[in-house]
$ cat coords15.cif   # mmCIF, C-alpha atoms
data_my_file
loop_
_atom_site.label_atom_id
_atom_site.label_comp_id
_atom_site.auth_asym_id
_atom_site.auth_seq_id
_atom_site.Cartn_x
_atom_site.Cartn_y
_atom_site.Cartn_z
CA GLN A 1 5.74 12.96 -13.80
CA VAL A 2 5.60 13.15 -10.01
CA GLN A 3 5.40 9.69 -8.49
CA MET A 4 4.08 8.29 -5.27
CA VAL A 5 6.58 8.41 -2.39
CA GLU A 6 6.74 5.58 0.12
CA SER A 7 8.52 5.69 3.47
CA GLY A 8 8.60 3.96 6.84
CA GLY A 9 10.17 0.62 6.01
CA GLY A 10 12.92 -0.94 8.07
CA GLN A 11 14.02 -4.05 9.91
CA VAL A 12 12.06 -5.38 12.86
CA GLN A 13 11.81 -8.57 14.90
CA ALA A 14 8.88 -10.94 14.40
CA GLY A 15 5.90 -9.62 16.33
CA GLY A 16 6.96 -6.04 15.84
CA SER A 17 5.21 -3.17 14.08
CA LEU A 18 5.88 -0.68 11.32
CA ARG A 19 3.89 2.17 9.84
CA LEU A 20 4.35 2.83 6.16
CA SER A 21 3.41 6.11 4.49
CA CYS A 22 2.53 6.82 0.88
CA GLU A 23 2.39 10.42 -0.22
CA ALA A 24 0.52 10.95 -3.47
CA PRO A 25 0.63 13.94 -5.81
CA ARG A 26 -2.39 16.15 -5.19
CA ASP A 27 -3.78 15.52 -8.67
CA ASN A 28 -3.50 11.74 -8.18
CA TYR A 29 -5.16 11.34 -4.83
CA SER A 30 -8.89 12.05 -4.92
CA ASN A 31 -11.60 9.73 -6.27
CA ARG A 32 -9.47 6.68 -6.90
CA CYS A 33 -8.06 3.66 -5.21
CA ILE A 34 -4.67 3.81 -3.57
CA SER A 35 -3.33 0.43 -2.58
CA TRP A 36 -0.32 -1.13 -0.97
CA PHE A 37 1.41 -3.98 -2.76
CA ARG A 38 4.38 -6.08 -1.75
CA GLU A 39 6.95 -7.97 -3.74
CA ALA A 40 9.06 -10.64 -2.10
CA PRO A 41 12.14 -12.14 -3.79
CA GLY A 42 11.07 -14.59 -6.47
CA LYS A 43 7.39 -13.78 -6.07
CA GLU A 44 4.91 -11.70 -7.99
CA ARG A 45 3.75 -8.36 -6.73
CA GLU A 46 0.57 -8.83 -4.67
CA GLY A 47 -1.92 -6.34 -3.33
CA VAL A 48 -2.32 -6.38 0.44
CA ALA A 49 -4.59 -3.40 1.21
CA GLY A 50 -6.41 -0.70 -0.67
CA ILE A 51 -8.71 2.20 0.00
CA TYR A 52 -10.85 4.38 -2.24
CA THR A 53 -9.89 7.87 -1.14
CA GLY A 54 -12.56 9.73 0.75
CA THR A 55 -14.40 6.53 1.76
CA VAL A 56 -14.19 4.31 4.82
CA SER A 57 -14.29 0.99 2.96
CA PRO A 58 -10.85 -0.59 2.91
CA TYR A 59 -10.02 -3.75 1.03
CA TYR A 60 -7.58 -6.37 2.37
CA LEU A 61 -5.86 -9.51 1.26
CA ASP A 62 -7.34 -12.29 3.43
CA SER A 63 -3.99 -13.34 4.86
CA VAL A 64 -3.29 -9.90 6.35
CA LYS A 65 -6.70 -9.13 7.82
CA GLY A 66 -6.45 -8.28 11.49
CA ARG A 67 -2.74 -7.41 11.28
CA LEU A 68 -2.58 -4.67 8.65
CA THR A 69 -4.69 -1.51 8.67
CA ILE A 70 -4.89 1.02 5.86
CA SER A 71 -5.88 4.61 6.57
CA GLN A 72 -5.75 8.00 4.89
CA ASP A 73 -5.09 11.66 5.62
CA ASN A 74 -6.90 13.63 2.95
CA ALA A 75 -5.32 16.92 4.07
CA THR A 76 -1.85 15.67 3.17
CA SER A 77 -2.80 13.23 0.37
CA THR A 78 -1.19 10.43 2.35
CA VAL A 79 -2.21 6.80 2.77
CA PHE A 80 -0.78 4.80 5.65
CA LEU A 81 -0.32 1.10 6.27
CA GLN A 82 -0.06 0.12 9.92
CA MET A 83 1.50 -3.32 10.17
CA ASN A 84 1.31 -5.18 13.48
CA SER A 85 2.30 -8.69 14.56
CA LEU A 86 4.76 -8.84 11.69
CA LYS A 87 5.96 -12.23 10.49
CA PRO A 88 9.09 -13.20 8.55
CA GLU A 89 6.86 -13.93 5.55
CA ASP A 90 5.90 -10.23 5.47
CA THR A 91 9.47 -9.48 4.36
CA ALA A 92 9.25 -7.72 0.99
CA TRP A 93 9.52 -4.44 -0.85
CA TYR A 94 6.29 -2.51 -0.29
CA PHE A 95 4.94 -0.23 -2.99
CA CYS A 96 1.91 2.01 -3.21
CA GLY A 97 0.00 2.45 -6.41
CA ALA A 98 -2.87 4.62 -7.58
CA THR A 99 -5.54 3.79 -10.13
CA VAL A 100 -6.83 6.28 -12.64
CA GLU A 101 -9.69 8.45 -11.44
CA PHE A 102 -12.96 6.71 -10.53
CA GLN A 103 -11.46 3.22 -10.58
CA GLY A 104 -12.21 1.03 -7.57
CA CYS A 105 -9.86 -1.15 -5.58
CA ALA A 106 -10.96 -4.60 -6.65
CA PRO A 107 -9.51 -6.63 -8.13
CA MET A 108 -6.17 -5.58 -6.68
CA ARG A 109 -4.04 -6.43 -9.70
CA PRO A 110 -0.93 -4.37 -10.47
CA ALA A 111 -1.98 -3.84 -14.10
CA ARG A 112 -4.93 -1.74 -12.93
CA TYR A 113 -2.66 0.80 -11.25
CA SER A 114 -1.19 3.57 -13.36
CA ARG A 115 1.15 5.31 -10.93
CA TRP A 116 3.71 3.83 -8.57
CA GLY A 117 6.39 4.76 -6.11
CA LYS A 118 9.90 3.33 -5.79
CA GLY A 119 9.01 1.30 -2.73
CA THR A 120 10.21 0.87 0.82
CA GLN A 121 11.85 -2.28 2.13
CA VAL A 122 10.47 -4.24 5.09
CA THR A 123 12.54 -6.98 6.69
CA VAL A 124 11.15 -9.09 9.52
CA ALA A 125 13.70 -11.16 11.39
CA SER A 126 12.67 -14.40 13.11
#
$ encode --input "coords15.cif" --output "structure tokens"
Amino acid sequence: QVQMVESGGGQVQAGGSLRLSCEAPRDNYSNRCISWFREAPGKEREGVAGIYTGTVSPYYLDSVKGRLTISQDNATSTVFLQMNSLKPEDTAWYFCGATVEFQGCAPMRPARYSRWGKGTQVTVAS
């Protein structure tokens, strides 16, 4: 089964920016929600941003609004997460997940997502 593929993580200083990419298999991209989650050491995986492919209605965790922006490129089946003004508390593994077809983004709980990638690590130094 072809999985989602995340890339773009790295180490940055506080206040810096990163752009994460999530490439989805063609048959797992349209008409569903693709969301970004993060998992910090000792914490549960939490959804930070999601988008129903083909729409312009993103969904964000309140604490990241204004700093993180989710976008999509339908031609390449890729969802991006632009992260600005990064803080040390943003340090985590970031994963993208896809719901089954015709499932919306809310609530952004991991159990609702059927396909995942292996993640990309983001480290924000203070």
$ resolve_selection --input "coords15.cif" --expression "the PyMOL selection byres ((chain A and resi 92) around 7)" --output "JSON, numbers by chain"
{"A": [38, 39, 40, 90, 91, 93, 94, 121, 122, 123]}
$ closest_residue --input "coords15.cif" --among "A:Phe95, A:Pro88, A:Arg112, A:Gln11" --to "Val48 (chain A)" --atoms "all atoms listed in the file"
A:Phe95
$ resolve_selection --input "coords15.cif" --expression "the PyMOL selection byres ((chain A and resi 32) around 12)" --output "number ranges by chain"
A: 24, 26-31, 33-35, 50-55, 77, 97-106, 112-115
$ atom_distance --input "coords15.cif" --atom1 "CA of Thr78 (chain A)" --atom2 "CA of Glu6 (chain A)"
9.6 Å
$ atom_distance --input "coords15.cif" --atom1 "CA of Gln82 (chain A)" --atom2 "CA of Gly8 (chain A)"
10.0 Å
$ closest_residue --input "coords15.cif" --among "A:Gly16, A:Pro25, A:Gly10, A:Pro41" --to "Thr76 (chain A)" --atoms "all atoms listed in the file"
A:Pro25
$ atom_distance --input "coords15.cif" --atom1 "CA of Ser21 (chain A)" --atom2 "CA of Met4 (chain A)"
10.0 Å
$ resolve_selection --input "coords15.cif" --expression "the PyMOL selection byres ((chain A and resi 67-70) around 9)" --output "list in words"
Ser35, Trp36, Val48, Ala49, Gly50, Ile51, Pro58, Tyr59, Tyr60, Ser63, Val64, Lys65, Gly66, Ser71, Gln72, Val79, Phe80, Leu81, Gln82, Met83, Asn84, Ser85 and Leu86 of chain A
$ closest_residue --input "coords15.cif" --among "A:Cys22, A:Leu61, A:Val56, A:Ala111" --to "Ser7 (chain A)" --atoms "only C-alpha atoms"
A:Cys22
$ closest_residue --input "coords15.cif" --among "A:Ser57, A:Cys96, A:Asp73, A:Val12" --to "Pro110 (chain A)" --atoms "only C-alpha atoms"
A:Cys96
